[in-house]
Amino acid sequence: MKQIIENIYHVGDNECSVYMVDTQSDQGLVLIDAGMNLDMIKQIDSHGVRFEDIQHCILTHCHIDHIGICAELSRELPDIKFYAHELDAIPIEEPDHDGRTAASWYGVRFEPVKLYQKFRSDTVLRFGSYDFQCIHTPGHTPGSISVLVELEGKKVLFGQDLHGPFNESFLSDLQDYQISMQKLLDLEADILCEGHFGIFQPGNLVRQYIDKHKHQNQP
């Protein structure tokens with residue numbers, strides 16, 4: 001685990017990058033996606049924060065590399081709350097959607113988990129003194145979201161899978177994607193925490209990364 005800026009961490013990589021925000025409050029720790037390896041999450045105990053303090057997990061979309069251990073997490077942490085956009089809720093909450101979750105790509109089965117809240121539109125979740133702006137950014141999947149947190153005078157954008165891929169079984173939509181990427185460019189984020197290709201900063205590198213993929217994935 002490594003610190004990105006104060007109270008924001010890159011937990012690690014296992015099929016996807018998992019990020020965490022320490023709210024420094026009774027709201028505990030917030031995960032951005034969960035990944036596929038519970039042991040990777042549990043190792044935060046060796047970095048001065050406690051696994052049992054994880055209270056919330058915001059899921060950026062329904063793919064198994066981002067949500068694979070949610071059911072395991074809920075058994076270990078019975079009070080944890082999961083959040084996602086309603087357009088990706090069915091494959092998260094119901095069995096037998098291996099095409100939507102991409103579980104078939106990994107040769108595994110996804111164990112569904114119940115969501116605490118399903119977003120219908122852009123939504124702000126407030127944990128402690130931090131606002132988590134959950135921004136609907138469809139394209140990769142219909143219910144893809146990006147999460148913006150501002151602290152230390154920095155706009156930190158958790159934009160998982162902004163590069164794609166795009167596939168009919170995911171219900172991908174490149175026209176929606178173009179609109180979503182422009183929405184993210186307009187945020188003028190200072191730091192981008194991406195799902196597979198690392199952390200980009202300062203702002204000009206964030207813009208460069210988003211702009212490159214926006215132009216590469218024209219409808």
# chains A, B, ... in the order shown; residues from 1 in each chain; ligands from 1
call {"tool": "residues_around", "arguments": {"residues": "Lys154 in chain A", "least_positions_apart": "3", "cutoff": "10 Å", "atoms": "only C-alpha atoms", "output": "CSV table (one decimal) with C-alpha atoms, in the first residue's frame"}}
result
chain,number,residue,atom,x,y,z
A,5,ILE,CA,-1.7,12.3,-0.8
A,149,VAL,CA,-12.7,13.8,-4.0
A,150,GLU,CA,-11.2,17.2,-3.2
A,151,LEU,CA,-8.7,17.6,-0.4
A,157,LEU,CA,-10.3,11.6,-9.7
A,189,ALA,CA,-8.6,17.1,-12.0
A,190,ASP,CA,-5.1,17.3,-10.5
A,191,ILE,CA,-4.6,13.5,-9.9
A,202,PRO,CA,-0.2,16.7,-12.3
A,203,GLY,CA,-3.2,18.0,-14.2
call {"tool": "select_by_dssp", "arguments": {"residues": "range 4-192 of chain A", "states": "helix (DSSP H, G or I)", "output": "PyMOL selection string"}}
result
chain A and resi 38-47+51-53+64-67+70-76+86-93+98-101+103-106+168-170+174-187
call {"tool": "residues_around", "arguments": {"residues": "Arg75 in chain A", "least_positions_apart": "6", "cutoff": "12 Å", "atoms": "only C-alpha atoms", "output": "MDAnalysis selection string"}}
result
chainID A and resid 38 52 69 81 111 113:114
call {"tool": "residues_around", "arguments": {"residues": "Gln182 in chain A", "least_positions_apart": "2", "cutoff": "12 Å", "atoms": "only C-alpha atoms", "output": "list in words"}}
result
Thr137, Pro138, Gly139, Leu162, Gln175, Asp176, Tyr177, Gln178, Ile179, Ser180, Leu184, Leu185, Asp186, Leu187, Glu188, Arg207, Ile210, Asp211, Lys212, His213, Lys214 and His215 of chain A
call {"tool": "closest_residue", "arguments": {"among": "A:Leu205, A:Ile58, A:Ile64, A:Val108", "to": "Ser146 in chain A", "atoms": "only C-alpha atoms"}}
result
A:Ile58
call {"tool": "residues_around", "arguments": {"residues": "Val147 in chain A", "least_positions_apart": "5", "cutoff": "12 Å", "atoms": "only C-alpha atoms", "output": "ChimeraX atom specification"}}
result
/A:19-21,30-33,57-61,83-85,122-125,130-137,155-160,184,187,189,191-194
call {"tool": "select_by_dssp", "arguments": {"residues": "range 24-217 of chain A", "states": "strand (DSSP E)", "output": "VMD selection string"}}
result
chain A and resid 29 to 32 54 to 58 81 to 85 117 to 119 123 to 127 130 to 136 145 to 151 154 to 159 191 to 194 199 to 200
call {"tool": "closest_atom_pairs", "arguments": {"of": "range 88-154 of chain A", "to": "range 164-174 of chain A", "cutoff": "9 Å", "atoms": "only C-alpha atoms", "output": "CSV"}}
result
residue,atom,partner,partner_atom,distance
A:Gly99,CA,A:Ser169,CA,5.4
A:Arg100,CA,A:Phe170,CA,5.0
A:Thr101,CA,A:Phe170,CA,7.5
A:Ala102,CA,A:Phe170,CA,7.6
A:Pro138,CA,A:Asp173,CA,7.5
A:Gly139,CA,A:Asp173,CA,4.7
A:His140,CA,A:Ser172,CA,5.0
A:Thr141,CA,A:Ser172,CA,5.0
A:Pro142,CA,A:Leu171,CA,6.5
call {"tool": "residues_around", "arguments": {"residues": "Leu29 in chain A", "least_positions_apart": "6", "cutoff": "7 Å", "atoms": "only C-alpha atoms", "output": "short mmCIF file (atom, residue, chain, number, x, y, z; two decimals) with N, CA and C atoms, in the first residue's frame"}}
result
data_model
loop_
_atom_site.label_atom_id
_atom_site.label_comp_id
_atom_site.auth_asym_id
_atom_site.auth_seq_id
_atom_site.Cartn_x
_atom_site.Cartn_y
_atom_site.Cartn_z
N MET A 20 -8.22 3.62 -1.57
CA MET A 20 -8.86 3.77 -0.26
C MET A 20 -8.71 5.19 0.23
N VAL A 21 -9.77 5.70 0.87
CA VAL A 21 -9.75 7.01 1.50
C VAL A 21 -10.02 6.83 2.99
N ASP A 22 -9.17 7.40 3.82
CA ASP A 22 -9.36 7.41 5.27
C ASP A 22 -10.09 8.69 5.62
N THR A 23 -11.34 8.57 6.05
CA THR A 23 -12.15 9.76 6.32
C THR A 23 -11.76 10.45 7.62
N ASP A 53 -11.98 -1.35 9.94
CA ASP A 53 -12.51 0.01 9.86
C ASP A 53 -13.07 0.35 8.48
N ILE A 54 -12.99 -0.60 7.54
CA ILE A 54 -13.60 -0.37 6.23
C ILE A 54 -15.12 -0.43 6.39
N GLN A 55 -15.78 0.68 6.07
CA GLN A 55 -17.23 0.76 6.24
C GLN A 55 -17.99 0.91 4.92
N HIS A 56 -17.31 1.39 3.89
CA HIS A 56 -17.98 1.70 2.63
C HIS A 56 -17.12 1.22 1.46
#
call {"tool": "closest_residue", "arguments": {"among": "A:Cys62, A:Met181, A:Met1, A:Met40", "to": "His163 in chain A", "atoms": "only C-alpha atoms"}}
result
A:Met181
call {"tool": "residues_around", "arguments": {"residues": "Gly35 in chain A", "least_positions_apart": "6", "cutoff": "7 Å", "atoms": "only C-alpha atoms", "output": "list in words"}}
result
Asn14, Glu15, Cys16, Val18, Asp65, His66, Ile67, Gly68 and Ile69 of chain A
call {"tool": "atom_distance", "arguments": {"atom1": "CA of Cys70 in chain A", "atom2": "CA of Gln3 in chain A"}}
result
23.2 Å
call {"tool": "atom_distance", "arguments": {"atom1": "CA of Leu73 in chain A", "atom2": "CA of Glu94 in chain A"}}
result
16.9 Å
call {"tool": "closest_residue", "arguments": {"among": "A:His196, A:Ala89, A:Tyr209, A:Asn204", "to": "Ser144 in chain A", "atoms": "only C-alpha atoms"}}
result
A:Ala89
call {"tool": "atom_distance", "arguments": {"atom1": "CA of His47 in chain A", "atom2": "CA of Leu115 in chain A"}}
result
28.3 Å
